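Data from upload_15.txt: compact mmCIF, C-alpha atoms and all ligand atoms
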```
# COMPACT_ATOMS: atom_id res chain seq x y z
CA MET K 3 22.58 10.57 0.78
CA GLY K 4 18.94 9.44 1.03
CA LEU K 5 17.82 6.35 2.92
CA LEU K 6 16.65 4.69 -0.33
CA GLU K 7 19.43 5.84 -2.65
CA GLY K 8 19.45 3.79 -5.86
CA LYS K 9 16.66 1.42 -4.81
CA VAL K 10 13.80 0.69 -7.19
CA ALA K 11 10.33 0.72 -5.65
CA ILE K 12 6.82 -0.03 -6.87
CA VAL K 13 3.96 1.69 -5.06
CA THR K 14 0.47 0.52 -6.07
CA GLY K 15 -2.35 3.06 -6.09
CA ALA K 16 -0.22 6.20 -5.96
CA SER K 17 -2.26 8.64 -8.03
CA ARG K 18 -3.48 10.21 -4.78
CA GLY K 19 -3.71 9.79 -1.01
CA ILE K 20 -1.32 7.67 1.03
CA GLY K 21 0.21 5.99 -2.03
CA LYS K 22 1.15 9.33 -3.57
CA ALA K 23 2.74 10.48 -0.29
CA ILE K 24 4.74 7.22 -0.15
CA ALA K 25 5.96 7.64 -3.75
CA GLN K 26 6.93 11.27 -3.03
CA LYS K 27 8.86 10.38 0.14
CA PHE K 28 10.59 7.47 -1.60
CA ALA K 29 11.67 9.81 -4.39
CA SER K 30 12.95 12.40 -1.92
CA GLU K 31 15.03 9.63 -0.26
CA GLY K 32 16.72 8.76 -3.56
CA ALA K 33 14.56 5.87 -4.84
CA LYS K 34 13.55 5.30 -8.43
CA VAL K 35 9.78 5.12 -8.34
CA ALA K 36 7.33 3.04 -10.36
CA PHE K 37 3.74 3.60 -9.35
CA THR K 38 0.32 2.41 -10.45
CA TYR K 39 -3.18 3.80 -10.79
CA LEU K 40 -6.46 2.51 -12.10
CA SER K 41 -8.74 5.36 -13.18
CA SER K 42 -6.96 8.64 -12.31
CA GLU K 43 -5.09 8.87 -15.62
CA GLU K 44 -4.62 12.67 -15.59
CA LYS K 45 -3.51 12.83 -11.97
CA ALA K 46 -1.06 9.99 -12.55
CA LYS K 47 0.44 11.68 -15.62
CA ALA K 48 0.79 14.99 -13.75
CA PHE K 49 2.47 13.17 -10.85
CA GLU K 50 4.89 11.37 -13.17
CA ASP K 51 5.77 14.70 -14.82
CA GLU K 52 6.25 16.35 -11.40
CA LEU K 53 8.69 13.64 -10.29
CA LYS K 54 10.59 13.69 -13.58
CA ALA K 55 10.86 17.49 -13.45
CA ALA K 56 12.56 17.09 -10.07
CA GLY K 57 15.15 14.82 -11.74
CA ILE K 58 13.70 11.57 -10.40
CA GLU K 59 13.54 8.39 -12.43
CA ALA K 60 9.82 7.69 -12.25
CA ARG K 61 6.99 6.15 -14.24
CA GLY K 62 3.26 5.62 -13.75
CA TYR K 63 1.62 2.40 -15.00
CA LYS K 64 -2.08 1.80 -15.45
CA SER K 65 -2.59 -1.58 -13.79
CA ASN K 66 -5.49 -3.15 -11.92
CA ALA K 67 -3.90 -4.50 -8.75
CA GLY K 68 -6.69 -7.03 -8.30
CA VAL K 69 -6.02 -8.79 -11.60
CA PHE K 70 -3.23 -11.39 -11.48
CA LEU K 71 -2.08 -11.13 -15.10
CA GLU K 72 -1.95 -7.31 -14.94
CA ALA K 73 0.24 -7.45 -11.83
CA GLU K 74 2.52 -9.99 -13.48
CA GLU K 75 2.85 -7.77 -16.56
CA LEU K 76 3.45 -4.71 -14.36
CA ILE K 77 6.36 -6.31 -12.50
CA ALA K 78 7.92 -7.53 -15.76
CA ASN K 79 7.65 -4.02 -17.25
CA VAL K 80 9.11 -2.33 -14.18
CA VAL K 81 12.07 -4.72 -14.06
CA LYS K 82 12.63 -4.12 -17.80
CA ASP K 83 12.28 -0.32 -17.50
CA PHE K 84 14.28 0.17 -14.28
CA GLY K 85 16.65 -2.82 -14.40
CA ALA K 86 15.90 -4.00 -10.83
CA LEU K 87 13.32 -4.14 -8.07
CA ASP K 88 14.00 -3.71 -4.34
CA ILE K 89 10.75 -2.66 -2.66
CA ILE K 90 7.04 -3.21 -3.27
CA VAL K 91 4.42 -1.25 -1.40
CA ASN K 92 0.98 -2.82 -1.72
CA ASN K 93 -1.11 0.24 -1.04
CA ALA K 94 -3.99 0.12 -3.55
CA GLY K 95 -7.26 -0.20 -1.68
CA ILE K 96 -10.95 0.57 -1.80
CA THR K 97 -13.96 0.59 0.51
CA ARG K 98 -17.46 -0.59 -0.35
CA ASP K 99 -19.04 -0.10 3.07
CA ASN K 100 -22.40 -1.57 3.94
CA LEU K 101 -24.06 -3.40 6.79
CA LEU K 102 -23.84 -7.14 6.22
CA MET K 103 -27.61 -7.27 5.84
CA ARG K 104 -27.32 -5.05 2.74
CA MET K 105 -23.88 -6.01 1.47
CA SER K 106 -23.91 -7.57 -2.00
CA GLU K 107 -21.64 -10.37 -3.15
CA GLU K 108 -20.10 -7.88 -5.62
CA GLN K 109 -19.22 -5.46 -2.80
CA PHE K 110 -17.51 -8.27 -0.89
CA ASP K 111 -15.65 -9.70 -3.89
CA GLU K 112 -14.51 -6.31 -5.20
CA VAL K 113 -12.93 -5.34 -1.88
CA ILE K 114 -11.24 -8.73 -1.43
CA ALA K 115 -9.83 -8.60 -4.97
CA THR K 116 -8.52 -5.04 -4.77
CA ASN K 117 -7.28 -5.07 -1.18
CA LEU K 118 -6.17 -8.66 -0.54
CA LYS K 119 -5.71 -10.62 -3.76
CA SER K 120 -3.71 -7.66 -5.07
CA VAL K 121 -1.11 -8.29 -2.36
CA PHE K 122 -0.74 -11.90 -3.50
CA ASN K 123 -0.60 -10.77 -7.14
CA THR K 124 2.29 -8.32 -6.85
CA THR K 125 4.21 -10.31 -4.25
CA LYS K 126 4.03 -13.43 -6.41
CA GLY K 127 5.00 -11.40 -9.47
CA ALA K 128 8.07 -9.97 -7.73
CA LEU K 129 9.20 -13.23 -6.16
CA ARG K 130 11.59 -14.44 -8.84
CA THR K 131 13.34 -11.06 -9.01
CA PHE K 132 13.67 -10.87 -5.21
CA LEU K 133 14.94 -14.47 -4.94
CA LYS K 134 17.55 -13.87 -7.64
CA ALA K 135 18.75 -10.70 -5.91
CA ARG K 136 18.57 -12.40 -2.48
CA LYS K 137 16.89 -9.29 -1.10
CA GLY K 138 13.60 -7.45 -1.11
CA SER K 139 11.24 -5.53 1.12
CA ILE K 140 7.49 -6.04 0.90
CA ILE K 141 5.31 -3.46 2.65
CA ASN K 142 1.58 -4.10 2.81
CA ILE K 143 -0.86 -1.39 3.82
CA GLY K 144 -3.52 -2.80 6.14
CA SER K 145 -5.74 -0.94 8.59
CA VAL K 146 -6.45 -0.96 12.32
CA VAL K 147 -9.90 -2.22 11.26
CA GLY K 148 -8.21 -5.50 10.21
CA VAL K 149 -7.56 -6.29 13.87
CA ASN K 150 -10.49 -4.57 15.58
CA GLY K 151 -13.28 -4.96 13.00
CA ASN K 152 -15.77 -2.20 12.24
CA ALA K 153 -19.54 -2.23 11.79
CA GLY K 154 -20.35 -1.65 8.12
CA GLN K 155 -16.90 -2.75 6.98
CA SER K 156 -16.93 -6.55 7.25
CA ASN K 157 -15.58 -6.87 3.69
CA TYR K 158 -12.83 -4.27 4.26
CA ALA K 159 -11.87 -5.63 7.70
CA ALA K 160 -11.66 -9.18 6.31
CA SER K 161 -9.42 -8.00 3.46
CA LYS K 162 -7.06 -6.21 5.86
CA ALA K 163 -6.96 -9.10 8.36
CA GLY K 164 -6.10 -11.39 5.45
CA ILE K 165 -3.16 -9.14 4.60
CA TYR K 166 -1.66 -9.73 8.06
CA GLY K 167 -1.78 -13.53 7.75
CA PHE K 168 -0.24 -13.29 4.29
CA THR K 169 2.46 -10.85 5.46
CA LYS K 170 3.55 -13.08 8.34
CA SER K 171 3.51 -16.28 6.25
CA VAL K 172 5.67 -14.68 3.57
CA ALA K 173 8.07 -13.43 6.26
CA LYS K 174 8.45 -17.01 7.53
CA GLU K 175 8.83 -18.52 4.05
CA LEU K 176 11.30 -16.02 2.65
CA GLY K 177 13.28 -14.75 5.64
CA SER K 178 16.13 -17.17 4.87
CA ARG K 179 16.47 -15.44 1.47
CA ASN K 180 16.76 -11.98 3.05
CA ILE K 181 13.30 -11.02 1.80
CA ARG K 182 11.37 -9.07 4.43
CA SER K 183 7.60 -8.69 4.63
CA ASN K 184 5.84 -6.23 6.94
CA ALA K 185 2.46 -4.57 7.20
CA ILE K 186 1.40 -1.12 8.31
CA ALA K 187 -1.96 -0.53 9.97
CA PRO K 188 -2.99 3.10 9.54
CA GLY K 189 -5.72 4.46 11.80
CA PHE K 190 -7.70 7.43 10.57
CA ILE K 191 -5.66 9.23 7.89
CA ALA K 192 -7.18 12.23 6.09
CA THR K 193 -7.39 11.41 2.35
CA GLU K 194 -10.02 11.29 -0.40
CA MET K 195 -11.03 7.86 0.97
CA THR K 196 -12.03 9.45 4.28
CA ASP K 197 -13.39 12.73 2.79
CA VAL K 198 -16.62 10.89 1.97
CA LEU K 199 -17.28 10.05 5.64
CA ASP K 200 -19.90 11.87 7.71
CA GLN K 201 -17.98 14.73 9.38
CA ASN K 202 -19.96 14.34 12.64
CA VAL K 203 -18.85 10.72 12.85
CA VAL K 204 -15.29 11.79 12.07
CA SER K 205 -15.18 14.36 14.88
CA GLU K 206 -16.44 11.71 17.34
CA TRP K 207 -13.62 9.39 16.22
CA VAL K 208 -11.03 12.11 16.60
CA LYS K 209 -12.12 12.67 20.23
CA GLY K 210 -11.22 9.04 20.91
CA ILE K 211 -7.72 9.29 19.42
CA PRO K 212 -5.06 10.00 22.08
CA LEU K 213 -3.24 12.42 19.73
CA LYS K 214 -6.61 14.19 19.07
CA ARG K 215 -6.28 14.52 15.31
CA ALA K 216 -6.43 12.61 12.07
CA GLY K 217 -3.13 11.32 10.76
CA LYS K 218 -1.39 12.64 7.64
CA ALA K 219 -0.50 10.52 4.63
CA ASP K 220 3.12 11.63 5.14
CA GLU K 221 3.14 10.02 8.57
CA VAL K 222 2.36 6.63 7.02
CA ALA K 223 4.92 7.30 4.28
CA ASP K 224 7.67 7.92 6.85
CA LEU K 225 7.26 4.39 8.20
CA CYS K 226 7.31 3.02 4.64
CA VAL K 227 10.66 4.74 4.06
CA PHE K 228 12.05 3.09 7.20
CA LEU K 229 10.69 -0.37 6.28
CA GLY K 230 11.95 -0.05 2.72
CA SER K 231 15.41 1.00 3.86
CA ASP K 232 18.33 -1.01 5.24
CA LYS K 233 17.67 0.68 8.61
CA SER K 234 14.96 -1.95 9.16
CA SER K 235 17.14 -4.91 8.10
CA TYR K 236 16.16 -7.00 11.17
CA ILE K 237 12.42 -6.26 11.03
CA THR K 238 10.10 -8.73 9.33
CA GLY K 239 6.69 -10.30 9.90
CA GLN K 240 5.42 -7.26 11.83
CA VAL K 241 2.20 -5.27 11.72
CA ILE K 242 2.96 -1.73 12.85
CA ASN K 243 0.17 0.70 13.72
CA VAL K 244 0.28 4.33 12.61
CA CYS K 245 -2.85 5.48 14.38
CA GLY K 246 -2.15 8.22 16.92
CA GLY K 247 -2.72 5.68 19.69
CA MET K 248 -6.25 4.78 18.48
CA VAL K 249 -5.33 1.11 18.93
CA MET K 250 -2.85 -0.11 21.53
P1 LIG O 1 -7.54 6.79 -1.77
O1 LIG O 1 -7.26 8.22 -1.50
O2 LIG O 1 -8.94 6.38 -2.08
O3 LIG O 1 -6.56 6.28 -2.93
C1 LIG O 1 -6.63 4.95 -3.37
C2 LIG O 1 -5.59 4.69 -4.41
O4 LIG O 1 -5.68 3.32 -4.81
C3 LIG O 1 -5.77 5.53 -5.68
O5 LIG O 1 -4.52 5.89 -6.19
C4 LIG O 1 -6.47 4.55 -6.63
O6 LIG O 1 -6.18 4.80 -8.00
C5 LIG O 1 -5.82 3.26 -6.24
N1 LIG O 1 -6.62 2.10 -6.62
C6 LIG O 1 -7.88 1.78 -6.27
N2 LIG O 1 -8.24 0.61 -6.82
C7 LIG O 1 -7.17 0.17 -7.54
C8 LIG O 1 -6.89 -0.97 -8.33
N3 LIG O 1 -7.80 -1.94 -8.49
N4 LIG O 1 -5.69 -1.08 -8.92
C9 LIG O 1 -4.75 -0.12 -8.76
N5 LIG O 1 -4.94 0.99 -8.03
C10 LIG O 1 -6.13 1.12 -7.41
O7 LIG O 1 -7.11 5.87 -0.52
P2 LIG O 1 -6.10 6.16 0.70
O8 LIG O 1 -6.88 6.73 1.83
O9 LIG O 1 -4.88 6.86 0.22
O10 LIG O 1 -5.76 4.65 1.11
C11 LIG O 1 -4.58 4.00 0.66
C12 LIG O 1 -4.44 2.67 1.41
O11 LIG O 1 -4.42 2.92 2.83
C13 LIG O 1 -5.61 1.71 1.17
O12 LIG O 1 -5.13 0.38 1.14
C14 LIG O 1 -6.47 1.91 2.40
O13 LIG O 1 -7.27 0.79 2.69
C15 LIG O 1 -5.42 2.15 3.46
N6 LIG O 1 -5.91 2.84 4.65
C16 LIG O 1 -6.37 4.13 4.57
C17 LIG O 1 -6.82 4.75 5.72
C18 LIG O 1 -7.31 6.15 5.73
O14 LIG O 1 -7.78 6.59 6.82
N7 LIG O 1 -7.22 6.89 4.65
C19 LIG O 1 -6.83 4.05 6.94
C20 LIG O 1 -6.38 2.75 6.98
C21 LIG O 1 -5.90 2.16 5.82
P3 LIG O 1 -7.21 5.61 -8.97
O15 LIG O 1 -7.22 7.01 -8.42
O16 LIG O 1 -6.61 5.52 -10.32
O17 LIG O 1 -8.53 4.92 -8.81
```
Rewrite the coordinates I just gave you, this time as structure tokens.
Ligand code: NAP
Amino acid sequence: MGLLEGKVAIVTGASRGIGKAIAQKFASEGAKVAFTYLSSEEKAKAFEDELKAAGIEARGYKSNAGVFLEAEELIANVVKDFGALDIIVNNAGITRDNLLMRMSEEQFDEVIATNLKSVFNTTKGALRTFLKARKGSIINIGSVVGVNGNAGQSNYAASKAGIYGFTKSVAKELGSRNIRSNAIAPGFIATEMTDVLDQNVVSEWVKGIPLKRAGKADEVADLCVFLGSDKSSYITGQVINVCGGMVM
């Protein structure tokens, strides 16, 4: 029996990268998986078909995580389609890197909406369902940059730091209702988001990581499985690094 047998999970931004790995691991642990995407329509359809072919109850939804009404509609549709909701993984995220001197208001606002407001949107949307069920696990994907900061990523770092304050506040507000809220701070994980980085810069970073390699999306997904499962029933309000020791 899988660690997530019978649970219904939503993973935002799962057409590729870390989100896709989380959705795959959840499915392999027995969860029913609803996932979202924004622009990767074909990839999302292929992923939904792949999960269904493996006998998993799964569905992809096109939904902009940064738009409140779309998140509200998404949660309502998932609860209608799957009959319940146990876990949300707020994974959807973008970068719009630039030095502050050159950063536009649009670049700042877009990152805050997609990375931070999105977490409010889905959590708020799921609240009534979680309260009624007197259970729920919220898992928010942050970044080590949210604690340490990074030159050229003031918008991204601010969005991820905001996630931690939100995560801990929700843990305090809803702990008495058996609703848990945790965040994961990945370090450098090889995905399409990091493929665009200068490879010379990347190899310098890797030298500074105690485990001497980039992380894999699966390694973040493994922690999500644990936090979504009843094995983590006494863990809430935490920010857990998955970073090969990059940050201690
Ligand atoms: P990725 O490969 O770029 O994938 C991003 C995913 O988010 C895609 O599925 C994308 O969907 C979706 N997405 C983007 N904007 C969206 C929106 N407005 N609404 C719904 N979905 C949206 O990124 P990743 O590397 O897997 O990163 C996933 C998460 O981990 C992000 O929150 C990121 O900040 C965090 N993280 C990553 C690293 C790393 O090293 N990779 C490190 C620390 C933290 P479409 O394909 O449809 O656009």
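Nearest-residue note for ligand LIG 1 (chain O): choosing from K:Lys170, K:Lys27, K:Lys162, K:Lys209, the minimum distance belongs to K:Lys162, counting all atoms listed in the file.
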Ligand LIG 1 (chain O): which residues are within 7 Å, counting only C-alpha atoms and all ligand atoms? Reply as an mmCIF file with C-alpha atoms, in the frame of the given file.
```
data_model
loop_
_atom_site.group_PDB
_atom_site.id
_atom_site.type_symbol
_atom_site.label_atom_id
_atom_site.label_comp_id
_atom_site.auth_asym_id
_atom_site.auth_seq_id
_atom_site.Cartn_x
_atom_site.Cartn_y
_atom_site.Cartn_z
ATOM 1 C CA THR K 14 0.470 0.520 -6.070
ATOM 2 C CA GLY K 15 -2.350 3.060 -6.090
ATOM 3 C CA ALA K 16 -0.220 6.200 -5.960
ATOM 4 C CA SER K 17 -2.260 8.640 -8.030
ATOM 5 C CA ARG K 18 -3.480 10.210 -4.780
ATOM 6 C CA GLY K 19 -3.710 9.790 -1.010
ATOM 7 C CA ILE K 20 -1.320 7.670 1.030
ATOM 8 C CA GLY K 21 0.210 5.990 -2.030
ATOM 9 C CA THR K 38 0.320 2.410 -10.450
ATOM 10 C CA TYR K 39 -3.180 3.800 -10.790
ATOM 11 C CA LEU K 40 -6.460 2.510 -12.100
ATOM 12 C CA SER K 41 -8.740 5.360 -13.180
ATOM 13 C CA SER K 42 -6.960 8.640 -12.310
ATOM 14 C CA GLU K 43 -5.090 8.870 -15.620
ATOM 15 C CA SER K 65 -2.590 -1.580 -13.790
ATOM 16 C CA ASN K 66 -5.490 -3.150 -11.920
ATOM 17 C CA ALA K 67 -3.900 -4.500 -8.750
ATOM 18 C CA GLY K 68 -6.690 -7.030 -8.300
ATOM 19 C CA ASN K 93 -1.110 0.240 -1.040
ATOM 20 C CA ALA K 94 -3.990 0.120 -3.550
ATOM 21 C CA GLY K 95 -7.260 -0.200 -1.680
ATOM 22 C CA ILE K 96 -10.950 0.570 -1.800
ATOM 23 C CA THR K 116 -8.520 -5.040 -4.770
ATOM 24 C CA ASN K 117 -7.280 -5.070 -1.180
ATOM 25 C CA ILE K 143 -0.860 -1.390 3.820
ATOM 26 C CA GLY K 144 -3.520 -2.800 6.140
ATOM 27 C CA SER K 145 -5.740 -0.940 8.590
ATOM 28 C CA VAL K 146 -6.450 -0.960 12.320
ATOM 29 C CA ALA K 187 -1.960 -0.530 9.970
ATOM 30 C CA PRO K 188 -2.990 3.100 9.540
ATOM 31 C CA GLY K 189 -5.720 4.460 11.800
ATOM 32 C CA PHE K 190 -7.700 7.430 10.570
ATOM 33 C CA ILE K 191 -5.660 9.230 7.890
ATOM 34 C CA ALA K 192 -7.180 12.230 6.090
ATOM 35 C CA THR K 193 -7.390 11.410 2.350
ATOM 36 C CA GLU K 194 -10.020 11.290 -0.400
ATOM 37 C CA MET K 195 -11.030 7.860 0.970
ATOM 38 C CA THR K 196 -12.030 9.450 4.280
#
```
- Task: Can you work out which one of K:Gly151, K:Gly230, K:Gly57, K:Gly164 has the shortest atom-to-atom distance to Leu6 of chain K, counting all atoms listed in the file?
- Result: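 Among the listed residues, K:Gly230 lies closest to Leu6 of chain K.
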Return the padded bounding box of segment 97-113 of chain K as lines of an AutoDock Vina configuration file: axis-aligned, built from all atoms listed in the file, 4 Å added on each side, with centre and edge lengths in Å to one decimal.
```
center_x = -20.3
center_y = -4.9
center_z = 0.6
size_x = 22.7
size_y = 19.0
size_z = 20.4
```
Contacts of Gly62 of chain K at 7 Å or less, counting only C-alpha atoms, minus same-chain residues fewer than 3 places along, as an mmCIF file with C-alpha atoms, in the frame of the given file?
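So the final result, stored in part.cif, reads:
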```cif
data_model
loop_
_atom_site.group_PDB
_atom_site.id
_atom_site.type_symbol
_atom_site.label_atom_id
_atom_site.label_comp_id
_atom_site.auth_asym_id
_atom_site.auth_seq_id
_atom_site.Cartn_x
_atom_site.Cartn_y
_atom_site.Cartn_z
ATOM 1 C CA ALA K 36 7.330 3.040 -10.360
ATOM 2 C CA PHE K 37 3.740 3.600 -9.350
ATOM 3 C CA THR K 38 0.320 2.410 -10.450
ATOM 4 C CA ALA K 46 -1.060 9.990 -12.550
ATOM 5 C CA LYS K 47 0.440 11.680 -15.620
ATOM 6 C CA GLU K 50 4.890 11.370 -13.170
#
```
- Query: Between K:Ala56, K:Ser235, K:Val81, K:Ala216, which is the closest to Lys137 of chain K once you count only C-alpha atoms?
  - Reply: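 Counting only C-alpha atoms, the residue closest to Lys137 of chain K is K:Ser235.
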- Item | Among the residues K:Asp88, K:Glu75, K:Glu52, K:Glu221, the one that comes closest to Lys34 of chain K [using only C-alpha atoms] | K:Asp88
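Close contacts of Ser161 of chain K, defined as residues with an atom at most 10 Å away when counting all atoms listed in the file, with chain neighbours fewer than 3 positions off set aside, comprise Gly95, Phe110, Asp111, Val113, Ile114, Ala115, Thr116, Asn117, Leu118, Lys119, Gly144, Ser145, Val147, Gly148, Gln155, Ser156, Asn157, Tyr158, Gly164, Ile165 and Tyr166 of chain K.
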- Task: Write out as a ChimeraX atom specification the residues lying within 12 Å of Lys134 of chain K, counting all atoms listed in the file and excluding same-chain residues fewer than 6 positions away.
- Result: /K:86-88,128,179-181
Output C-alpha atoms for every residue in the selection just made, as an mmCIF file, in the coordinates of the input.
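Output file out_26.cif follows:
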```
data_model
loop_
_atom_site.group_PDB
_atom_site.id
_atom_site.type_symbol
_atom_site.label_atom_id
_atom_site.label_comp_id
_atom_site.auth_asym_id
_atom_site.auth_seq_id
_atom_site.Cartn_x
_atom_site.Cartn_y
_atom_site.Cartn_z
ATOM 1 C CA ALA K 86 15.900 -4.000 -10.830
ATOM 2 C CA LEU K 87 13.320 -4.140 -8.070
ATOM 3 C CA ASP K 88 14.000 -3.710 -4.340
ATOM 4 C CA ALA K 128 8.070 -9.970 -7.730
ATOM 5 C CA ARG K 179 16.470 -15.440 1.470
ATOM 6 C CA ASN K 180 16.760 -11.980 3.050
ATOM 7 C CA ILE K 181 13.300 -11.020 1.800
#
```
